[in-house]
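In what follows, a structure is listed as C-alpha coordinates, so that the remarks can point back to it.
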Amino acid sequence: RALAILCTNRAAASLQIVRRSQELKRRALGEALPPELRRLCMRANIDASRGTDLDPSNAKAWLRKGQASLLMSAMQQRAKDAVRCFEVARSSGSLPASIKTEVDQWLRLARKMLDDQTDMPENCPQM
(Lines give C-alpha, C1' and ligand atoms only; values in the text may rest on other atoms or scores of the structure.)
Protein backbone atom coordinates (compact mmCIF):
# COMPACT_ATOMS: atom_id res chain seq x y z
CA ARG A 1 0.00 0.00 0.00
CA ALA A 2 2.81 2.44 0.84
CA LEU A 3 4.48 1.75 -2.51
CA ALA A 4 1.18 2.48 -4.30
CA ILE A 5 1.00 5.85 -2.53
CA LEU A 6 4.60 6.61 -3.45
CA CYS A 7 3.96 5.81 -7.13
CA THR A 8 0.79 7.91 -7.11
CA ASN A 9 2.57 10.88 -5.54
CA ARG A 10 5.40 10.66 -8.07
CA ALA A 11 2.81 10.61 -10.87
CA ALA A 12 1.17 13.70 -9.35
CA ALA A 13 4.51 15.54 -9.25
CA SER A 14 5.23 14.74 -12.91
CA LEU A 15 1.74 15.86 -13.95
CA GLN A 16 2.13 19.10 -11.99
CA ILE A 17 5.30 19.92 -13.95
CA VAL A 18 3.50 19.24 -17.24
CA ARG A 19 0.43 21.32 -16.31
CA ARG A 20 2.54 24.27 -15.12
CA SER A 21 4.58 24.17 -18.30
CA GLN A 22 1.40 24.10 -20.40
CA GLU A 23 0.02 27.10 -18.51
CA LEU A 24 3.24 29.08 -19.01
CA LYS A 25 3.29 28.36 -22.73
CA ARG A 26 -0.50 28.72 -23.07
CA ARG A 27 -0.96 25.26 -24.55
CA ALA A 28 -4.45 23.80 -24.75
CA LEU A 29 -5.20 20.37 -23.32
CA GLY A 30 -4.65 17.75 -25.99
CA GLU A 31 -2.22 19.95 -27.93
CA ALA A 32 1.01 18.20 -28.90
CA LEU A 33 3.58 18.25 -26.11
CA PRO A 34 7.30 18.72 -26.57
CA PRO A 35 9.27 15.46 -26.17
CA GLU A 36 10.47 16.18 -22.63
CA LEU A 37 6.93 16.84 -21.37
CA ARG A 38 5.56 13.85 -23.26
CA ARG A 39 8.14 11.66 -21.48
CA LEU A 40 6.97 13.07 -18.13
CA CYS A 41 3.36 12.24 -19.01
CA MET A 42 4.36 8.72 -19.97
CA ARG A 43 6.31 8.36 -16.73
CA ALA A 44 3.27 9.63 -14.80
CA ASN A 45 1.05 7.12 -16.59
CA ILE A 46 3.43 4.28 -15.74
CA ASP A 47 3.66 5.37 -12.09
CA ALA A 48 -0.11 5.78 -11.75
CA SER A 49 -0.69 2.41 -13.45
CA ARG A 50 1.71 0.82 -11.02
CA GLY A 51 -0.23 2.48 -8.20
CA THR A 52 -3.52 1.05 -9.47
CA ASP A 53 -1.95 -2.39 -9.86
CA LEU A 54 -0.59 -2.34 -6.31
CA ASP A 55 -3.78 -0.94 -4.79
CA PRO A 56 -6.84 -1.12 -7.10
CA SER A 57 -8.93 0.81 -4.54
CA ASN A 58 -6.59 3.84 -4.60
CA ALA A 59 -8.84 6.56 -6.09
CA LYS A 60 -5.99 9.05 -6.41
CA ALA A 61 -3.96 6.58 -8.50
CA TRP A 62 -6.93 6.19 -10.87
CA LEU A 63 -7.29 9.99 -11.04
CA ARG A 64 -3.59 10.43 -11.90
CA LYS A 65 -3.75 7.68 -14.51
CA GLY A 66 -6.69 9.37 -16.21
CA GLN A 67 -5.01 12.77 -16.09
CA ALA A 68 -1.83 11.38 -17.62
CA SER A 69 -3.83 9.77 -20.44
CA LEU A 70 -5.56 13.03 -21.29
CA LEU A 71 -2.43 15.14 -21.07
CA MET A 72 -0.45 12.80 -23.36
CA SER A 73 -2.66 13.40 -26.40
CA ALA A 74 -6.21 13.98 -27.57
CA MET A 75 -6.54 10.53 -29.16
CA GLN A 76 -9.91 8.82 -28.85
CA GLN A 77 -8.44 5.75 -27.11
CA ARG A 78 -6.69 7.91 -24.49
CA ALA A 79 -9.91 9.80 -23.79
CA LYS A 80 -11.81 6.51 -23.51
CA ASP A 81 -9.21 5.16 -21.07
CA ALA A 82 -9.34 8.40 -19.08
CA VAL A 83 -13.15 8.20 -18.77
CA ARG A 84 -12.82 4.66 -17.42
CA CYS A 85 -10.13 5.74 -14.94
CA PHE A 86 -12.17 8.69 -13.65
CA GLU A 87 -15.26 6.51 -13.30
CA VAL A 88 -13.29 3.96 -11.26
CA ALA A 89 -11.90 6.78 -9.11
CA ARG A 90 -15.39 8.18 -8.57
CA SER A 91 -16.85 4.85 -7.54
CA SER A 92 -13.95 4.03 -5.22
CA GLY A 93 -14.68 4.04 -1.52
CA SER A 94 -11.30 5.67 -0.90
CA LEU A 95 -12.08 8.88 -2.83
CA PRO A 96 -11.50 11.79 -0.45
CA ALA A 97 -14.33 14.33 -0.48
CA SER A 98 -11.72 17.05 -1.08
CA ILE A 99 -10.95 15.76 -4.60
CA LYS A 100 -14.43 14.59 -5.66
CA THR A 101 -15.02 17.87 -7.53
CA GLU A 102 -11.66 17.53 -9.29
CA VAL A 103 -12.52 13.99 -10.42
CA ASP A 104 -15.92 15.16 -11.69
CA GLN A 105 -14.33 18.04 -13.64
CA TRP A 106 -11.76 15.73 -15.26
CA LEU A 107 -14.50 13.19 -16.05
CA ARG A 108 -16.59 15.84 -17.83
CA LEU A 109 -13.52 16.97 -19.78
CA ALA A 110 -12.63 13.39 -20.77
CA ARG A 111 -16.18 12.69 -21.93
CA LYS A 112 -16.17 15.88 -24.00
CA MET A 113 -12.84 14.94 -25.58
CA LEU A 114 -14.15 11.44 -26.31
CA ASP A 115 -17.32 12.86 -27.88
CA ASP A 116 -15.25 15.28 -29.97
CA GLN A 117 -13.09 12.41 -31.24
CA THR A 118 -15.98 10.04 -31.97
CA ASP A 119 -17.61 10.36 -35.38
CA MET A 120 -21.37 9.99 -35.38
CA PRO A 121 -22.86 7.87 -38.17
CA GLU A 122 -25.05 9.63 -40.71
CA ASN A 123 -28.77 9.62 -39.95
CA CYS A 124 -28.02 9.12 -36.27
CA PRO A 125 -30.22 11.34 -34.10
CA GLN A 126 -28.11 13.61 -31.89
CA MET A 127 -29.21 14.36 -28.36
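Letters A, B, ... go to the chains of the C-alpha coordinates in the order shown; residues in each chain start at 1; ligands are counted from 1 in the same order.
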
Requested in this report: Output as a ChimeraX atom specification all residues of chain A that backbone DSSP marks as helix (DSSP H, G or I).
Outcome: /A:2-24,35-54,59-72,76-91,97-117

Requested in this report: Just the residues within 12 Å of Lys112 (chain A), please, counting only C-alpha atoms, with nothing from its chain fewer than 4 positions along; format it as a list in words.
Outcome: Leu29, Gly30, Leu70, Ala74, Gln76, Ala79, Lys80, Ala82, Val83, Gln105, Trp106, Leu107, Arg108, Asp116, Gln117 and Thr118 of chain A

Query raised in the report: To one decimal place, how far is CA of Ala59 (chain A) from CA of Ala2 (chain A) in Å?
Result: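 So the answer is 14.2 Å.
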
**Report entry** Selection near region 5-11 of chain A, 9 Å with only C-alpha atoms, sequence-local residues under 4 positions removed, as a ChimeraX atom specification
**Finding:** /A:1,15-16,40-41,43-52,55,58,60-62,64-65,68

Report summary line: re CA of Glu36 (chain A) and CA of Ile99 (chain A): distance 28.0 Å

Query - Which of A:Lys100, A:Arg90, A:Arg111, A:Arg38 sits closest to Gln77 (chain A) [using only C-alpha atoms] - result: A:Arg111
